[in-house]
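K.L.:
CSV, C-alpha atoms, file input_4.csv:
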```csv
chain,number,residue,atom,x,y,z
A,4,MET,CA,-75.9,-74.0,7.4
A,5,SER,CA,-76.6,-77.2,9.3
A,6,ASP,CA,-77.1,-77.4,13.1
A,7,THR,CA,-74.6,-79.1,15.4
A,8,ASN,CA,-76.5,-82.4,15.6
A,9,SER,CA,-76.4,-83.0,11.8
A,10,ARG,CA,-72.8,-82.0,11.3
A,11,MET,CA,-70.0,-84.4,10.2
A,12,ASP,CA,-67.9,-86.2,12.7
A,13,LEU,CA,-64.4,-84.7,12.6
A,14,VAL,CA,-62.6,-88.0,12.7
A,15,ALA,CA,-64.8,-89.5,9.9
A,16,ALA,CA,-64.1,-86.4,7.8
A,17,LEU,CA,-60.3,-86.7,8.4
A,18,ARG,CA,-60.5,-90.5,7.6
A,19,VAL,CA,-61.9,-89.6,4.2
A,20,LEU,CA,-58.9,-87.3,3.5
A,21,HIS,CA,-56.4,-89.8,4.8
A,22,LYS,CA,-57.8,-92.5,2.6
A,23,VAL,CA,-57.4,-90.6,-0.6
A,24,ARG,CA,-54.2,-88.6,0.0
A,25,THR,CA,-51.1,-89.6,-2.0
A,26,ASP,CA,-48.1,-87.3,-2.2
A,27,GLU,CA,-49.6,-84.1,-0.9
A,28,VAL,CA,-48.1,-82.2,2.0
A,29,ILE,CA,-50.8,-82.2,4.7
A,30,ILE,CA,-50.5,-79.6,7.5
A,31,THR,CA,-52.9,-80.0,10.4
A,32,SER,CA,-53.4,-78.0,13.5
A,33,MET,CA,-55.3,-77.8,16.8
A,34,GLY,CA,-58.3,-80.2,16.9
A,35,ASN,CA,-57.8,-81.6,13.4
A,36,GLY,CA,-54.1,-82.1,14.2
A,37,ARG,CA,-54.9,-84.0,17.3
A,38,GLU,CA,-57.3,-86.4,15.5
A,39,TRP,CA,-55.0,-86.8,12.4
A,40,GLN,CA,-52.4,-88.5,14.6
A,41,GLN,CA,-54.7,-91.6,15.1
A,42,PHE,CA,-54.1,-92.5,11.5
A,43,ALA,CA,-50.9,-93.9,10.0
A,44,GLN,CA,-48.5,-91.1,9.5
A,45,HIS,CA,-46.9,-90.1,6.2
A,46,PRO,CA,-43.5,-88.4,5.7
A,47,LEU,CA,-45.2,-85.4,4.2
A,48,ASP,CA,-47.5,-85.0,7.2
A,49,PHE,CA,-46.9,-82.0,9.5
A,50,VAL,CA,-48.9,-81.6,12.7
A,51,HIS,CA,-48.4,-77.9,13.4
A,52,VAL,CA,-48.4,-78.3,17.2
A,53,PRO,CA,-47.2,-76.2,19.0
A,54,SER,CA,-48.5,-73.4,16.8
A,55,SER,CA,-49.2,-69.8,16.8
A,56,MET,CA,-52.9,-70.0,16.5
A,57,GLY,CA,-54.2,-68.9,13.0
A,58,GLN,CA,-50.9,-69.2,11.3
A,59,THR,CA,-51.1,-72.8,9.9
A,60,GLN,CA,-52.5,-71.7,6.6
A,61,SER,CA,-49.8,-69.1,6.3
A,62,TRP,CA,-47.1,-71.8,6.8
A,63,GLY,CA,-48.9,-73.7,4.1
A,64,LEU,CA,-48.9,-70.7,1.7
A,65,GLY,CA,-45.1,-70.4,2.1
A,66,LEU,CA,-44.7,-74.1,1.4
A,67,ALA,CA,-46.9,-73.8,-1.7
A,68,LEU,CA,-44.9,-70.9,-3.1
A,69,ALA,CA,-41.6,-72.7,-2.4
A,70,GLN,CA,-42.7,-76.0,-3.8
A,71,PRO,CA,-44.9,-75.2,-6.8
A,72,SER,CA,-45.0,-78.7,-8.2
A,73,ARG,CA,-46.4,-80.2,-5.0
A,74,ARG,CA,-49.9,-79.9,-3.6
A,75,ILE,CA,-50.1,-78.4,-0.2
A,76,VAL,CA,-53.2,-79.0,1.9
A,77,ALA,CA,-53.5,-76.8,5.1
A,78,CYS,CA,-56.1,-77.7,7.7
A,79,CYS,CA,-57.4,-75.2,10.2
A,80,GLY,CA,-60.4,-74.6,12.3
A,81,ASP,CA,-62.9,-71.7,12.1
A,82,GLY,CA,-61.6,-70.3,15.4
A,83,SER,CA,-58.0,-70.3,14.0
A,84,LEU,CA,-59.2,-68.8,10.7
A,85,LEU,CA,-60.9,-66.0,12.6
A,86,MET,CA,-57.5,-65.1,14.2
A,87,ASN,CA,-56.0,-64.5,10.8
A,88,LEU,CA,-58.8,-63.8,8.5
A,89,GLY,CA,-56.6,-61.5,6.4
A,90,SER,CA,-54.6,-64.6,5.4
A,91,LEU,CA,-57.5,-65.4,3.0
A,92,VAL,CA,-56.6,-62.2,1.1
A,93,THR,CA,-52.9,-62.9,1.3
A,94,ILE,CA,-53.4,-66.4,-0.1
A,95,ALA,CA,-55.7,-65.2,-2.9
A,96,ASN,CA,-53.3,-62.4,-3.8
A,97,ALA,CA,-50.3,-64.8,-4.0
A,98,ALA,CA,-52.6,-67.2,-5.9
A,99,PRO,CA,-50.7,-70.5,-5.5
A,100,SER,CA,-52.3,-73.0,-7.9
A,101,ASN,CA,-51.1,-75.9,-5.8
A,102,PHE,CA,-52.8,-74.9,-2.5
A,103,THR,CA,-56.0,-76.3,-0.8
A,104,LEU,CA,-57.3,-74.8,2.4
A,105,LEU,CA,-59.6,-77.0,4.4
A,106,VAL,CA,-61.5,-75.2,7.2
A,107,PHE,CA,-63.0,-77.6,9.8
A,108,ASP,CA,-65.9,-75.3,11.0
A,109,ASN,CA,-67.4,-76.4,14.3
A,110,GLY,CA,-68.3,-72.9,15.7
A,111,VAL,CA,-66.3,-73.3,18.9
A,112,TYR,CA,-62.8,-73.0,20.3
A,113,GLU,CA,-62.7,-76.7,20.8
A,114,VAL,CA,-59.2,-77.3,22.3
A,115,THR,CA,-59.9,-74.9,25.1
A,116,GLY,CA,-63.2,-76.5,26.1
A,117,GLY,CA,-65.7,-75.6,23.4
A,118,GLN,CA,-66.3,-71.9,24.1
A,119,PRO,CA,-68.3,-70.5,21.2
A,120,THR,CA,-66.5,-68.3,18.7
A,121,PRO,CA,-67.9,-64.9,17.7
A,122,ALA,CA,-69.1,-66.8,14.6
A,123,SER,CA,-70.8,-69.3,16.9
A,124,THR,CA,-73.2,-72.2,16.5
A,125,ALA,CA,-75.9,-70.3,18.4
A,126,ARG,CA,-75.8,-67.6,15.7
A,127,ARG,CA,-76.0,-70.2,13.0
A,128,LEU,CA,-79.2,-71.6,14.5
A,129,VAL,CA,-80.9,-68.2,13.9
A,130,GLY,CA,-79.5,-67.9,10.4
A,131,GLN,CA,-76.7,-65.5,11.3
A,132,GLY,CA,-73.7,-67.8,10.8
A,133,VAL,CA,-70.6,-66.7,9.1
A,134,ASN,CA,-70.1,-68.3,5.7
A,135,PHE,CA,-66.3,-68.7,5.5
A,136,ALA,CA,-66.5,-70.2,2.0
A,137,SER,CA,-68.3,-67.1,0.8
A,138,ILE,CA,-65.7,-64.9,2.4
A,139,ALA,CA,-62.9,-66.9,0.7
A,140,ASN,CA,-64.7,-66.5,-2.6
A,141,GLU,CA,-65.0,-62.7,-2.1
A,142,CYS,CA,-61.3,-62.6,-1.2
A,143,GLY,CA,-60.5,-64.1,-4.6
A,144,PHE,CA,-59.9,-67.8,-4.1
A,145,ARG,CA,-60.2,-69.6,-7.4
A,146,HIS,CA,-62.6,-72.2,-6.0
A,147,THR,CA,-64.6,-72.3,-2.8
A,148,GLU,CA,-67.3,-74.6,-1.5
A,149,ARG,CA,-69.1,-75.7,1.7
A,150,ILE,CA,-69.3,-79.4,2.5
A,151,THR,CA,-72.2,-80.2,4.7
A,152,ASN,CA,-72.2,-84.0,5.0
A,153,LEU,CA,-69.9,-87.0,4.7
A,154,ASP,CA,-71.2,-88.3,1.4
A,155,GLU,CA,-70.7,-85.0,-0.2
A,156,TRP,CA,-67.2,-84.8,1.2
A,157,LYS,CA,-66.4,-88.3,-0.1
A,158,ASN,CA,-67.6,-87.3,-3.5
A,159,ARG,CA,-65.7,-84.0,-3.6
A,160,VAL,CA,-62.4,-84.7,-1.8
A,161,ASP,CA,-60.4,-85.9,-4.8
A,162,THR,CA,-61.5,-83.0,-6.9
A,163,LEU,CA,-60.7,-80.5,-4.2
A,164,LEU,CA,-57.1,-81.9,-3.9
A,165,ASN,CA,-56.5,-81.5,-7.6
A,166,LEU,CA,-58.4,-78.4,-8.7
A,167,LEU,CA,-56.3,-75.4,-9.8
A,168,GLY,CA,-55.9,-73.4,-6.6
A,169,PRO,CA,-56.1,-71.6,-4.4
A,170,VAL,CA,-59.0,-73.8,-3.2
A,171,CYS,CA,-60.9,-73.3,0.0
A,172,ALA,CA,-63.4,-75.9,1.3
A,173,VAL,CA,-65.3,-75.4,4.5
A,174,LEU,CA,-66.4,-78.6,6.2
A,175,GLU,CA,-69.2,-78.4,8.6
A,176,VAL,CA,-68.1,-80.6,11.5
A,177,ALA,CA,-69.4,-81.3,15.0
A,178,PRO,CA,-67.3,-80.2,18.0
A,179,GLN,CA,-65.6,-83.0,19.8
A,180,THR,CA,-66.9,-83.2,23.4
A,181,GLU,CA,-64.4,-85.6,24.9
A,182,ASN,CA,-60.5,-85.6,24.8
A,183,TYR,CA,-60.7,-82.3,23.1
A,184,SER,CA,-57.3,-80.8,24.2
A,185,VAL,CA,-54.4,-80.2,21.8
A,186,ARG,CA,-51.8,-83.0,21.4
A,187,SER,CA,-48.3,-82.8,20.0
A,188,PRO,CA,-46.7,-85.8,18.2
A,189,GLY,CA,-43.3,-84.9,19.5
A,190,ARG,CA,-40.4,-82.6,19.5
A,191,PRO,CA,-41.0,-79.8,17.0
A,192,LYS,CA,-37.4,-79.0,16.0
A,193,GLU,CA,-36.8,-82.7,15.0
A,194,ARG,CA,-40.2,-83.0,13.2
A,195,VAL,CA,-39.6,-79.9,11.1
A,196,LYS,CA,-36.2,-81.2,10.1
A,197,GLU,CA,-37.8,-84.5,9.1
A,198,LEU,CA,-40.3,-82.7,6.9
A,199,ALA,CA,-37.6,-80.6,5.2
A,200,ALA,CA,-35.7,-83.7,4.5
A,201,SER,CA,-38.8,-85.4,3.1
A,202,LEU,CA,-39.5,-82.4,0.9
A,203,LYS,CA,-36.0,-82.7,-0.6
A,204,SER,CA,-36.1,-86.4,-1.1
A,205,LYS,CA,-39.6,-87.1,-2.4
B,18,MET,CA,-31.1,-44.9,4.9
B,19,TYR,CA,-31.1,-47.0,1.7
B,20,THR,CA,-32.2,-46.0,-1.7
B,21,ALA,CA,-34.4,-48.7,-3.4
B,22,GLU,CA,-31.5,-49.6,-5.6
B,23,GLU,CA,-29.1,-49.9,-2.7
B,24,PHE,CA,-31.6,-52.1,-0.8
B,25,LEU,CA,-32.2,-54.4,-3.8
B,26,THR,CA,-28.4,-54.7,-4.2
B,27,GLN,CA,-28.1,-55.9,-0.6
B,28,LEU,CA,-30.8,-58.5,-1.2
B,29,GLU,CA,-29.2,-59.7,-4.4
B,30,LEU,CA,-25.8,-60.0,-2.5
B,31,ILE,CA,-27.5,-62.4,-0.1
B,32,ASN,CA,-29.5,-64.4,-2.7
B,33,VAL,CA,-32.9,-63.7,-1.1
B,34,SER,CA,-35.7,-65.5,-3.0
B,35,HIS,CA,-38.7,-63.8,-1.3
B,36,VAL,CA,-39.4,-60.7,0.7
B,37,VAL,CA,-42.4,-61.2,2.9
B,38,SER,CA,-43.6,-57.8,3.9
B,39,VAL,CA,-46.0,-55.1,5.2
B,40,PRO,CA,-44.9,-51.6,4.1
B,41,ASP,CA,-44.3,-48.5,6.1
B,42,SER,CA,-43.5,-45.1,4.6
B,43,THR,CA,-39.8,-46.0,4.3
B,44,LEU,CA,-40.0,-49.7,3.3
B,45,GLY,CA,-42.8,-49.0,0.9
B,46,GLU,CA,-40.6,-46.8,-1.2
B,47,TRP,CA,-38.5,-49.9,-2.0
B,48,TYR,CA,-41.6,-51.8,-3.3
B,49,PRO,CA,-41.4,-50.7,-6.9
B,50,ALA,CA,-37.8,-52.0,-7.2
B,51,LEU,CA,-38.7,-55.2,-5.4
B,52,GLN,CA,-41.7,-55.7,-7.7
B,53,ALA,CA,-39.6,-55.1,-10.8
B,54,SER,CA,-36.8,-57.5,-9.7
B,55,ASN,CA,-36.4,-60.8,-11.6
B,56,ASP,CA,-34.5,-62.3,-8.7
B,57,VAL,CA,-36.7,-61.5,-5.7
B,58,SER,CA,-40.4,-62.1,-5.2
B,59,LEU,CA,-42.4,-59.7,-3.0
B,60,ILE,CA,-45.1,-61.4,-1.0
B,61,GLN,CA,-47.4,-58.9,0.6
B,62,VAL,CA,-49.2,-60.0,3.7
B,63,CYS,CA,-52.1,-58.3,5.6
B,64,ARG,CA,-50.6,-58.4,9.1
B,65,GLU,CA,-47.1,-58.9,10.3
B,66,GLY,CA,-47.7,-62.2,12.2
B,67,GLU,CA,-48.4,-63.8,8.8
B,68,ALA,CA,-45.0,-62.6,7.6
B,69,TRP,CA,-43.1,-64.9,9.9
B,70,ALA,CA,-45.5,-67.8,9.2
B,71,VAL,CA,-45.2,-67.5,5.4
B,72,ALA,CA,-41.4,-67.1,5.7
B,73,ALA,CA,-41.4,-70.3,7.8
B,74,GLY,CA,-43.1,-72.3,5.1
B,75,LEU,CA,-40.9,-70.8,2.4
B,76,HIS,CA,-37.8,-71.7,4.4
B,77,LEU,CA,-39.1,-75.3,5.0
B,78,GLY,CA,-39.7,-75.6,1.3
B,79,GLY,CA,-36.1,-74.7,0.4
B,80,ALA,CA,-36.5,-70.9,-0.4
B,81,SER,CA,-34.5,-68.1,1.2
B,82,PRO,CA,-37.0,-65.5,2.5
B,83,VAL,CA,-36.5,-62.4,4.6
B,84,VAL,CA,-39.3,-60.7,6.5
B,85,LEU,CA,-39.5,-56.9,5.9
B,86,ILE,CA,-41.7,-55.1,8.4
B,87,GLN,CA,-41.7,-52.0,10.7
B,88,CYS,CA,-40.9,-52.3,14.4
B,89,THR,CA,-44.5,-51.8,15.3
B,90,GLY,CA,-45.3,-54.8,13.2
B,91,LEU,CA,-42.6,-56.7,15.1
B,92,PHE,CA,-44.6,-56.0,18.3
B,93,GLU,CA,-47.8,-57.4,16.7
B,94,SER,CA,-46.1,-60.5,15.4
B,95,GLY,CA,-44.4,-61.8,18.5
B,96,ASP,CA,-46.2,-65.1,18.8
B,97,ALA,CA,-45.8,-66.1,15.2
B,98,LEU,CA,-42.1,-65.3,15.5
B,99,ARG,CA,-41.8,-67.2,18.7
B,100,ASN,CA,-43.4,-70.3,17.1
B,101,ALA,CA,-41.3,-70.4,13.9
B,102,ILE,CA,-38.0,-69.3,15.4
B,103,HIS,CA,-38.0,-70.8,18.9
B,104,ASP,CA,-40.5,-73.7,18.8
B,105,TYR,CA,-39.3,-75.0,15.5
B,106,GLY,CA,-35.8,-73.5,15.4
B,107,LEU,CA,-36.1,-72.0,12.0
B,108,PRO,CA,-33.2,-69.5,11.3
B,109,LEU,CA,-35.4,-66.8,9.8
B,110,PHE,CA,-34.0,-63.3,9.1
B,111,GLY,CA,-35.9,-60.1,9.5
B,112,ILE,CA,-35.3,-56.6,8.3
B,113,ILE,CA,-37.0,-54.3,10.6
B,114,GLY,CA,-37.7,-50.6,10.0
B,115,TYR,CA,-36.9,-48.6,13.2
B,116,ARG,CA,-39.7,-46.0,13.2
B,117,SER,CA,-38.6,-42.3,13.5
B,118,TYR,CA,-35.2,-43.3,14.9
B,119,LEU,CA,-33.5,-40.5,13.0
B,120,ASN,CA,-36.2,-38.0,13.6
B,121,GLN,CA,-37.7,-38.3,17.0
B,122,SER,CA,-39.8,-35.2,16.6
B,123,SER,CA,-41.9,-36.7,13.8
B,124,ILE,CA,-44.2,-38.5,16.2
B,125,PRO,CA,-44.0,-36.7,19.6
B,126,GLY,CA,-44.6,-39.2,22.4
B,127,ASP,CA,-44.1,-42.3,20.3
B,128,THR,CA,-43.0,-45.2,22.4
B,129,ALA,CA,-41.8,-47.4,19.5
B,130,ARG,CA,-38.2,-46.5,20.2
B,131,ILE,CA,-38.5,-47.3,23.9
B,132,PHE,CA,-39.6,-50.9,23.3
B,133,THR,CA,-38.0,-52.0,20.0
B,134,GLU,CA,-34.5,-53.0,21.1
B,135,PRO,CA,-35.6,-54.5,24.4
B,136,ILE,CA,-38.2,-56.7,22.6
B,137,LEU,CA,-35.6,-57.9,20.1
B,138,SER,CA,-33.4,-58.8,23.0
B,139,ALA,CA,-36.2,-60.6,24.8
B,140,TRP,CA,-36.8,-62.7,21.6
B,141,GLN,CA,-33.1,-63.5,21.7
B,142,LEU,CA,-32.5,-62.3,18.2
B,143,ASP,CA,-29.0,-61.4,17.0
B,144,THR,CA,-29.6,-57.8,16.0
B,145,LEU,CA,-27.5,-55.4,13.9
B,146,LEU,CA,-28.5,-51.7,14.2
B,147,ILE,CA,-27.9,-49.9,10.9
B,148,ASP,CA,-28.1,-46.2,11.9
B,149,THR,CA,-25.4,-44.6,9.8
B,150,PRO,CA,-24.6,-44.7,6.0
B,151,GLU,CA,-21.3,-46.3,6.9
B,152,LYS,CA,-23.1,-49.4,8.2
B,153,LYS,CA,-25.3,-50.0,5.2
B,154,HIS,CA,-23.0,-52.6,3.6
B,155,ARG,CA,-23.1,-54.6,6.9
B,156,LEU,CA,-26.6,-55.9,6.2
B,157,ALA,CA,-25.3,-58.5,3.9
B,158,GLU,CA,-22.4,-59.4,6.2
B,159,HIS,CA,-24.8,-59.9,9.1
B,160,TYR,CA,-27.1,-62.0,7.0
B,161,HIS,CA,-24.3,-64.3,5.9
B,162,SER,CA,-23.0,-64.6,9.4
B,163,CYS,CA,-26.4,-65.7,10.7
B,164,ARG,CA,-26.9,-68.1,7.8
B,165,THR,CA,-23.5,-69.7,8.3
B,166,ASP,CA,-24.3,-70.4,12.0
B,167,ALA,CA,-28.0,-71.3,11.1
B,168,ARG,CA,-29.3,-68.8,13.6
B,169,PRO,CA,-32.0,-66.2,13.2
B,170,GLY,CA,-31.1,-62.6,12.9
B,171,ILE,CA,-32.4,-59.1,12.5
B,172,ALA,CA,-31.1,-56.0,10.6
B,173,LEU,CA,-32.7,-53.0,12.4
B,174,ILE,CA,-32.8,-50.1,9.9
B,175,ALA,CA,-33.0,-46.6,11.3
B,176,GLU,CA,-35.8,-44.6,9.6
B,177,GLY,CA,-36.1,-40.9,9.4
B,178,ARG,CA,-39.9,-40.5,9.6
B,179,ALA,CA,-43.0,-42.5,10.4
```
What would the structure in this file look like if it were written as structure tokens?
P.N.:
Amino acid sequence: MSDTNSRMDLVAALRVLHKVRTDEVIITSMGNGREWQQFAQHPLDFVHVPSSMGQTQSWGLGLALAQPSRRIVACCGDGSLLMNLGSLVTIANAAPSNFTLLVFDNGVYEVTGGQPTPASTARRLVGQGVNFASIANECGFRHTERITNLDEWKNRVDTLLNLLGPVCAVLEVAPQTENYSVRSPGRPKERVKELAASLKSK
Amino acid sequence: MYTAEEFLTQLELINVSHVVSVPDSTLGEWYPALQASNDVSLIQVCREGEAWAVAAGLHLGGASPVVLIQCTGLFESGDALRNAIHDYGLPLFGIIGYRSYLNQSSIPGDTARIFTEPILSAWQLDTLLIDTPEKKHRLAEHYHSCRTDARPGIALIAEGRA
């Protein structure tokens, strides 16, 4: 696993996803949700802020089961995943073929100021990092992989959005060190109604 | 309280599409009937917070889920419930097993009964306690009432043992 200095920039990684997305539902949260808002928004975007930390991928699972003909992409951080690691087993057991989980792994609780997680960067540097892709694989995801640099991500993103799921890709990204707090795009009750309407109409 | 067949009949009356659940010794006895049903899908989760989140996604996607967990799981899942029901206003419905309500001696000193109803009240959930056989048919009535008003609701099912 790469050290912090060689990791992908979070915004650059999200830009790659934004460029290739078409009619997928993309659910973002925490740090990736904050940065996703700087791109043009799509009716099938859902920034899960406010959230219950660790539950974004579970919202995504429910959507994937209810909308089996539509690709659902849930984006979470490694800190969030650690809060709901059992969700990997739940997702694998439900086995939605239309589901892709993207884990933006930066080793820290970014939105609270960059405190290291128990699966922290420091542990990675001495070869003790947690391999979330391997965990997802052992849980029974149909396809898992680690993405360590931007060129690799550009080459793989289309495939990862179209492979038979459940798919889990772990992207090694660097923590944001400025403007790292969480940011909401607006009133949650209105936004969730807009998403439900978009899901019905598109 | 309910046999598996009686419970499944209640779910079919209210057109539930998915039951998102963690079992206890009472709820788990209904699983074979749920798994055999052609009308209801059982989604097993690993911890109760997930149940509200999966139900939120199902509801958003146009399905009609219920959450089926024990009251102890309700305690664990408070923040996920708060987020889905109160932040986002999703009218989710939960069926909660009320641990040892009918047989308090099964777990001496258990505090689940002390906190269950106050916590449901704190979460501002319209709760129907089903503690006698005469009330069993009211689960479907309560669900329909909550759906009609697009408000969240709970059916609290008295259990006889842990």
K.L.:
Which one is closest to chain B: A:Val19, A:Ala98, A:Met33, A:Ala69? Count all atoms listed in the file.
P.N.:
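For chain B, the nearest of the candidates is A:Ala69.
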K.L.:
Taking only C-alpha atoms into account, report as a PyMOL selection string which residues of chain A lie within 9 Å of chain B.
P.N.:
chain A and resi 53-70+87+89-90+92-94+96-97+190-196+198-199+202-203
K.L.:
Find the residues near range 159-170 of chain B: any atom within 7 Å, counting all atoms listed in the file, skip ones fewer than 3 places away on the same chain, and give them as a list in words.
P.N.:
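Selected residues are Pro108, Leu109, Phe110, Gly111, Leu142, Asp143, Thr144, Arg155 and Leu156 of chain B.
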K.L.:
Please provide the set of residues having any atom within 7 Å of range 141-149 of chain A, restricted to all atoms listed in the file, with same-chain residues fewer than 4 positions apart removed, written as a VMD selection string.
P.N.:
chain A and resid 91 to 92 95 136 to 137 168 to 174
K.L.:
Would you kindly return, as a list in words, each protein, DNA or RNA residue with an atom no farther than 7 Å from any atom of Val114 in chain A, considering all atoms listed in the file and excluding same-chain residues fewer than 6 positions away?
P.N.:
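These residues fall inside the cut-off: Met33, Gly34, Tyr183, Ser184 and Val185 of chain A.
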K.L.:
What is the CA of Gln40 in chain A to CA of Gly189 in chain A distance in Å?
P.N.:
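Between these atoms lies a distance of 10.9 Å.
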K.L.:
Tell me, in Å to one decimal, how far CA of Arg130 in chain B is from CA of Ser38 in chain B.
P.N.:
20.6 Å
K.L.:
Go ahead and compute the interatomic distance for CA of Gly117 in chain A and CA of Lys22 in chain A, in Å to one decimal.
P.N.:
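Interatomic distance, CA of Gly117 in chain A to CA of Lys22 in chain A: 27.9 Å.
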K.L.:
Using only C-alpha atoms, which protein or nucleic acid residues come within 7 Å of range 9-18 of chain A? Drop anything in the same chain fewer than 6 positions from it, and give the result as a short mmCIF file (atom, residue, chain, number, x, y, z; two decimals) with C-alpha atoms, in the frame of the given file.
P.N.:
```cif
data_model
loop_
_atom_site.label_atom_id
_atom_site.label_comp_id
_atom_site.auth_asym_id
_atom_site.auth_seq_id
_atom_site.Cartn_x
_atom_site.Cartn_y
_atom_site.Cartn_z
CA GLU A 38 -57.30 -86.40 15.50
CA TRP A 39 -55.00 -86.80 12.40
CA THR A 151 -72.20 -80.20 4.70
CA ASN A 152 -72.20 -84.00 5.00
CA LEU A 153 -69.90 -87.00 4.70
CA GLU A 175 -69.20 -78.40 8.60
CA VAL A 176 -68.10 -80.60 11.50
CA ALA A 177 -69.40 -81.30 15.00
#
```
K.L.:
Some atoms are missing, so please complete range 52-72 of chain B with N, CA and C atoms and return it as a short mmCIF file (atom, residue, chain, number, x, y, z; two decimals), keeping the file's coordinate frame.
P.N.:
```cif
data_model
loop_
_atom_site.label_atom_id
_atom_site.label_comp_id
_atom_site.auth_asym_id
_atom_site.auth_seq_id
_atom_site.Cartn_x
_atom_site.Cartn_y
_atom_site.Cartn_z
N GLN B 52 -40.75 -55.17 -6.79
CA GLN B 52 -41.70 -55.70 -7.70
C GLN B 52 -41.14 -55.87 -9.14
N ALA B 53 -40.17 -55.02 -9.45
CA ALA B 53 -39.60 -55.10 -10.80
C ALA B 53 -38.44 -56.10 -10.87
N SER B 54 -37.99 -56.59 -9.74
CA SER B 54 -36.80 -57.50 -9.70
C SER B 54 -37.19 -58.86 -10.32
N ASN B 55 -36.26 -59.41 -11.08
CA ASN B 55 -36.40 -60.80 -11.60
C ASN B 55 -35.91 -61.81 -10.60
N ASP B 56 -35.17 -61.37 -9.61
CA ASP B 56 -34.50 -62.30 -8.70
C ASP B 56 -35.24 -62.46 -7.36
N VAL B 57 -36.02 -61.47 -7.00
CA VAL B 57 -36.70 -61.50 -5.70
C VAL B 57 -38.18 -61.34 -5.89
N SER B 58 -38.94 -62.18 -5.16
CA SER B 58 -40.40 -62.10 -5.20
C SER B 58 -40.91 -61.38 -3.96
N LEU B 59 -41.74 -60.38 -4.16
CA LEU B 59 -42.40 -59.70 -3.00
C LEU B 59 -43.68 -60.34 -2.69
N ILE B 60 -43.81 -60.81 -1.46
CA ILE B 60 -45.10 -61.40 -1.00
C ILE B 60 -45.67 -60.44 0.03
N GLN B 61 -46.76 -59.80 -0.32
CA GLN B 61 -47.40 -58.90 0.60
C GLN B 61 -48.39 -59.63 1.49
N VAL B 62 -48.29 -59.42 2.79
CA VAL B 62 -49.20 -60.00 3.70
C VAL B 62 -50.06 -58.93 4.37
N CYS B 63 -51.15 -59.33 5.04
CA CYS B 63 -52.10 -58.30 5.60
C CYS B 63 -51.71 -57.90 6.98
N ARG B 64 -50.98 -58.72 7.71
CA ARG B 64 -50.60 -58.40 9.10
C ARG B 64 -49.27 -59.09 9.35
N GLU B 65 -48.47 -58.52 10.25
CA GLU B 65 -47.10 -58.90 10.30
C GLU B 65 -46.89 -60.36 10.87
N GLY B 66 -47.83 -60.85 11.69
CA GLY B 66 -47.70 -62.20 12.20
C GLY B 66 -47.65 -63.22 11.00
N GLU B 67 -48.44 -62.92 9.98
CA GLU B 67 -48.40 -63.80 8.80
C GLU B 67 -47.05 -63.82 8.16
N ALA B 68 -46.31 -62.73 8.25
CA ALA B 68 -45.00 -62.60 7.60
C ALA B 68 -44.07 -63.73 8.05
N TRP B 69 -43.99 -63.90 9.37
CA TRP B 69 -43.10 -64.90 9.90
C TRP B 69 -43.58 -66.32 9.51
N ALA B 70 -44.90 -66.51 9.49
CA ALA B 70 -45.50 -67.80 9.20
C ALA B 70 -45.23 -68.18 7.69
N VAL B 71 -45.45 -67.21 6.82
CA VAL B 71 -45.20 -67.50 5.40
C VAL B 71 -43.70 -67.72 5.18
N ALA B 72 -42.87 -66.92 5.84
CA ALA B 72 -41.40 -67.10 5.70
C ALA B 72 -41.02 -68.52 6.23
#
```
